[in-house]
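For reference, the structure discussed in these notes is given below.
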Amino acid sequence: MAKIDYDKIFIDGACPTAIGGQAVMEGVMMQGPDRLALAMRLPSGELYLKTKLKKKPSRAAKIPFVRGIVSFVNALVGGMGTLMESADILETYAPEQYAEEPGKIEAWINKKFGEKAAWNFLMTTALLFAVVVSIVFFVILPTWVVNFLGKWIQNAFVLNLIEGVLRIAMFVGYVVAIRRMSDIKTLFQYHGAEHKSIHCFENDRVLCPENAEEFYTLHPRCGTSFLVFVLLISLLLFSFLGWPNLVWRITSRILLIPVIAAISFELLRWAGRSNGKIVRILSWPGLQLQRLTTAEPDRDQLEVALLSLKAVLVDPGVPEIEGFVDKDGNPVRSKAEMKEVEREMEAWAADVEAHTEANKKAAAEAIDDLTRIEERSVFEDPANGASDDEIFSAIDFLDGLDTDGYTLVAPEETDGRTLVRAIADREAMEAKARTLARRYTKDIKTYENALSWGKAALSMLPNGKNEARMIMSYATGLGTTELITRSKELMREDDFEEFQKRIYARIEGVPLQYIVGMQEFMGLPFRVNESVLIPRLDTEVLVENVIETINRMNLIRPEVLDLCTGSGAIGISIAAKVPDAVVTMTDVSEKALQTAMSNAGLNGVNRRCIFLLGDMFDAIPEDKRYDVIVCNPPYIPSDVIDTLDIEVKEHEPRMALDGGKDGLDYYRIIADKASMHLKTGGVLALEIGAEQASDVKKLLNKANTYEGIRVIRDLAHLDRAILATRK
């Protein structure tokens with residue numbers, strides 16, 4: 001095994017949190033401050049998310065050592081419940097792979113007391129079975145085996161030591177044995193994805209698979225480490241009890257389980273918050289075992305873990321969700337829609353059963369008819385018997401009829417005799433059930449065909465083919481590689497409708513960034529909508545110069561004001577690139593400010609960002625001073641806006657474009673008031689139009705509070721920004 005790099009596990013600067021999780025079948029459960037989230041990827045590739053609010057913790061859950069026992073019980077019950085819940089979801093939405101017929105006892109309880117009672121019964125039974133098996137194999141069996149050594153070894157400490165080592169060896173052997181199973185291997189991959197995701201969050205990185213995969217699959221607060229603490233502490237604790245008779249040893253070990261769990265829990269909490277040598281030494285056994293209970297996940301599995309994590313990082317007032325979602329957690333299908341699908345499937349099944357009974361009855365009648373025809377022809381009246389055509393027609397009908405009842409039929413009256421017309425066979429029925437479950441329709445399209453249509457529709461645009469692919473990725477949640485590898489697969493109806501709607505929107509001139517909801521700026525992702533301007537590459541020149549200026553000023557925790565923030569692209573980029581900067585962002589639009597707040601969270605800088613609603617400096621306290629004020633104000637002359645491209649003039653917010661008759665209205669406000677909110681030696685940085693440098697410089701010179709005014713050009717050698725220093 002490769003040596004563990006502790007610096008990648010106990011990371012300096014990481015902020016330990018109370019976020020925890022658990023791998024489940026085909027997914028991850030995350031637990032946050034106020035809710036639980038279960039995210040899964042079904043065999044169809046769809047993402048399923050279920051969140052629920054947590055109950056308020058009891059007082060006992062806050063008392064040191066007592067809380068360890070409470071957490072142990074909650075983890076045992078909750079963990080088993082979550083595993084069973086994930087299995088139930090797979091049975092419901094992937095029945096062809098996971099569904100099993102209920103046993104006689106379960107079926108009887110379902111019928112007698114309802115599905116909820118059956119669930120509780122199975123849950124309790126599974127939990128008791130797991131507890132009993134664990135106690136038998138990892139408590140009773142080791143001490144019973146070592147009991148035979150008492151004839152040769154008299155030292156109680158040595159006997160307890162051997163028992164403890166045997167218990168640990170049995171547990172490790174058990175893990176090694178099960179990790180070879182394919183389902184367990186997948187479970188361990190999701191376990192690794194859970195750890196990587198939490199590392200990513202605790203290190204204040206953007207929550208995306210590319211960032212998460214940089215981290216180890218090992219984490220100091222893992223439940224595996226807790227189990228190792230349990231095994232080691234039990235070894236030490238049992239050593240103080242001597243070596244009494246077998247019955248007392250077994251009894252004492254079972255009774256001490258809560259005590260051991262309490263001590264282990266406190267050790268695990270301490271290890272999760274500390275980074276010293278002692279902690280690293282104590283954590284070593286648990287981390288070594290984690291190398292067996294975790295595996296390197298793929299990006300799809302990381303996406304599921306991050307989906308679950310982001311679902312518990314929402315505000316307390318956000319409602320619970322259950323259903324199919326996209327990779328960002330946005331609902332694709334509601335629970336009500338899924339219930340409708342289930343009702344359709346149930347109605348179809350009932351229809352199958354009814355027609356099957358009719359089929360069996362028709363088959364019996366047809367056999368009787370054929371028997372009578374043959375008897376009449378051979379024995380009763382050969383001269384006036386049935387014709388050969390009549391006999392062979394009846395035989396052909398019987399040959400085409402599935403007397404086991406697998407063919408759906410509808411009765412028709414023909415020549416006074418009941419005939420049956422086959423409508424569909426069992427295979428067709430099962431195909432329709434799968435179709436309903438995955439919301440396919442008769443207008444099925446493959447990803448490949450749909451993308452070809454989108455490219456053709458946007459062929460008049462300069463970059464139409466790439467834009468069609470980006471819209472497809474947004475509508476389906478699939479990356480470029482997946483679109484290639486899954487090109488022949490069928491596309492969900494709602495995915496195609498979403499894709500089609502957005503292609504039409506692009507044809508009508510809606511900017512691509514609004515369609516996919518994202519735009520990159522300074523290497524960072526930003527959500528955009530029609531409440532905010534789309535961040536432009538030209539503006540990066542302004543931000544880069546501001547960052548260079550802040551670094552030259554050698555400030556400790558610099559304070560920056562971003563006026564007219566819009567999407568927050570300028571202020572958030574500064575906060576991301578200057579790690580200790582505190583950035584205040586203002587905007588007159590409440591919707592724009594909400595977008596900026598969302599982007600601060602997306603880029604992990606919300607702890608150092610302040611958002612104020614108001615028109616320019618009206619949002620700022622009169623006595624507040626900043627090291628840097630930066631602004632990209634509206635600067636397009638009013639009568640020029642109608643000459644702009646349709647994407648700009650009809651879709652981007654006019655209030656963020658219109659700078660008044662000459663485009664200088666906001667520069668006048670800034671020249672008049674900015675110096676009152678700048679510290680001496682502070683910097684004012686403004687984006688300008690290509691022909692506005694001279695006019696803006698005159699306004700700043702007229703204010704007589706600035707010096708060192710300089711104009712910055714962009715990559716096209718056009719005037720793009722002005723920087724000035726407060727006297």
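Just remember, in the structure tokens the first chain shown is A, the second B, etc., residues are 1-based per chain, and ligands are 1-based in the order shown.
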Distance query Gly604 (chain A) at most 12 Å, only C-alpha atoms, self and fewer than 5 positions along chain excluded, as a VMD selection string:
chain A and resid 200 to 208 310 313 524 to 526 572 to 573 575 to 577 579 597 to 599 609
Taking 4 positions as the minimum chain separation for residues in the same chain, which residues sit within 9 Å of Met25 (chain A) when counting only C-alpha atoms? Answer as a list in words.
Met40, Leu83, Met84, Ser86, Ala87, Leu90, Asp183, Ile184, Thr186, Leu187 and Tyr190 of chain A
Okay, now the selection with N, CA and C atoms, as a compact mmCIF listing (two decimals), in the first residue's frame?
```txt
# COMPACT_ATOMS: atom_id res chain seq x y z
N MET A 40 -29.51 9.49 -5.49
CA MET A 40 -29.20 8.22 -6.13
C MET A 40 -29.18 8.39 -7.65
N LEU A 83 -30.47 2.55 4.08
CA LEU A 83 -30.13 1.49 3.13
C LEU A 83 -31.37 0.82 2.57
N MET A 84 -32.33 0.54 3.45
CA MET A 84 -33.57 -0.10 3.00
C MET A 84 -34.38 0.84 2.11
N SER A 86 -33.13 3.15 0.12
CA SER A 86 -32.50 3.16 -1.20
C SER A 86 -32.87 1.91 -1.99
N ALA A 87 -32.92 0.78 -1.31
CA ALA A 87 -33.31 -0.46 -1.99
C ALA A 87 -34.76 -0.38 -2.47
N LEU A 90 -34.95 1.69 -5.64
CA LEU A 90 -34.49 0.92 -6.79
C LEU A 90 -35.54 -0.10 -7.22
N ASP A 183 -21.59 -5.35 -5.90
CA ASP A 183 -22.46 -4.36 -5.26
C ASP A 183 -21.74 -3.63 -4.14
N ILE A 184 -20.92 -4.37 -3.38
CA ILE A 184 -20.18 -3.75 -2.28
C ILE A 184 -19.10 -2.83 -2.82
N THR A 186 -19.28 -1.08 -5.53
CA THR A 186 -19.98 0.16 -5.88
C THR A 186 -20.30 0.98 -4.64
N LEU A 187 -20.74 0.29 -3.58
CA LEU A 187 -21.05 0.96 -2.32
C LEU A 187 -19.82 1.68 -1.77
N TYR A 190 -19.09 4.86 -3.67
CA TYR A 190 -19.92 5.96 -3.19
C TYR A 190 -19.45 6.46 -1.82
```
Shell of 10 Å around Gly79 (chain A), only C-alpha atoms, local chain residues under 5 positions omitted, as a PDB file with N, CA and C atoms, in the first residue's frame:
```pdb
ATOM      1  N   GLY A  21     -22.196  11.747   6.314  1.00  0.00           N
ATOM      2  CA  GLY A  21     -22.892  11.037   5.253  1.00  0.00           C
ATOM      3  C   GLY A  21     -22.782   9.537   5.369  1.00  0.00           C
ATOM      4  N   GLN A  22     -23.369   8.875   4.393  1.00  0.00           N
ATOM      5  CA  GLN A  22     -23.381   7.411   4.355  1.00  0.00           C
ATOM      6  C   GLN A  22     -23.592   6.975   2.917  1.00  0.00           C
ATOM      7  N   ALA A  23     -22.828   6.008   2.484  1.00  0.00           N
ATOM      8  CA  ALA A  23     -23.051   5.430   1.159  1.00  0.00           C
ATOM      9  C   ALA A  23     -24.240   4.484   1.231  1.00  0.00           C
ATOM     10  N   VAL A  24     -25.064   4.499   0.190  1.00  0.00           N
ATOM     11  CA  VAL A  24     -26.214   3.592   0.107  1.00  0.00           C
ATOM     12  C   VAL A  24     -26.169   2.912  -1.259  1.00  0.00           C
ATOM     13  N   MET A  29     -26.250   9.321   1.113  1.00  0.00           N
ATOM     14  CA  MET A  29     -27.073  10.113   2.018  1.00  0.00           C
ATOM     15  C   MET A  29     -26.170  11.098   2.743  1.00  0.00           C
ATOM     16  N   VAL A  73     -26.893   4.813  18.483  1.00  0.00           N
ATOM     17  CA  VAL A  73     -28.210   4.211  18.233  1.00  0.00           C
ATOM     18  C   VAL A  73     -28.852   4.830  16.998  1.00  0.00           C
ATOM     19  N   ASN A  74     -28.782   6.173  16.899  1.00  0.00           N
ATOM     20  CA  ASN A  74     -29.375   6.853  15.738  1.00  0.00           C
ATOM     21  C   ASN A  74     -28.701   6.419  14.438  1.00  0.00           C
ATOM     22  N   MET A  84     -32.331   0.535   3.451  1.00  0.00           N
ATOM     23  CA  MET A  84     -33.566  -0.103   2.998  1.00  0.00           C
ATOM     24  C   MET A  84     -34.376   0.837   2.106  1.00  0.00           C
ATOM     25  N   GLU A  85     -34.329   2.128   2.433  1.00  0.00           N
ATOM     26  CA  GLU A  85     -35.050   3.109   1.618  1.00  0.00           C
ATOM     27  C   GLU A  85     -34.460   3.179   0.215  1.00  0.00           C
ATOM     28  N   LEU A 127     -32.867  -4.897  11.442  1.00  0.00           N
ATOM     29  CA  LEU A 127     -32.017  -4.264  12.449  1.00  0.00           C
ATOM     30  C   LEU A 127     -31.649  -5.257  13.549  1.00  0.00           C
TER      31      LEU A 127
END
```
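Picture a line from CA of Gly464 (chain A) to CA of Leu718 (chain A); it runs 28.1 Å.
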Which is closest to Arg713 (chain A) among A:Ser567, A:Asn545, A:Thr92, A:Ser638, if we use only C-alpha atoms?
A:Asn545
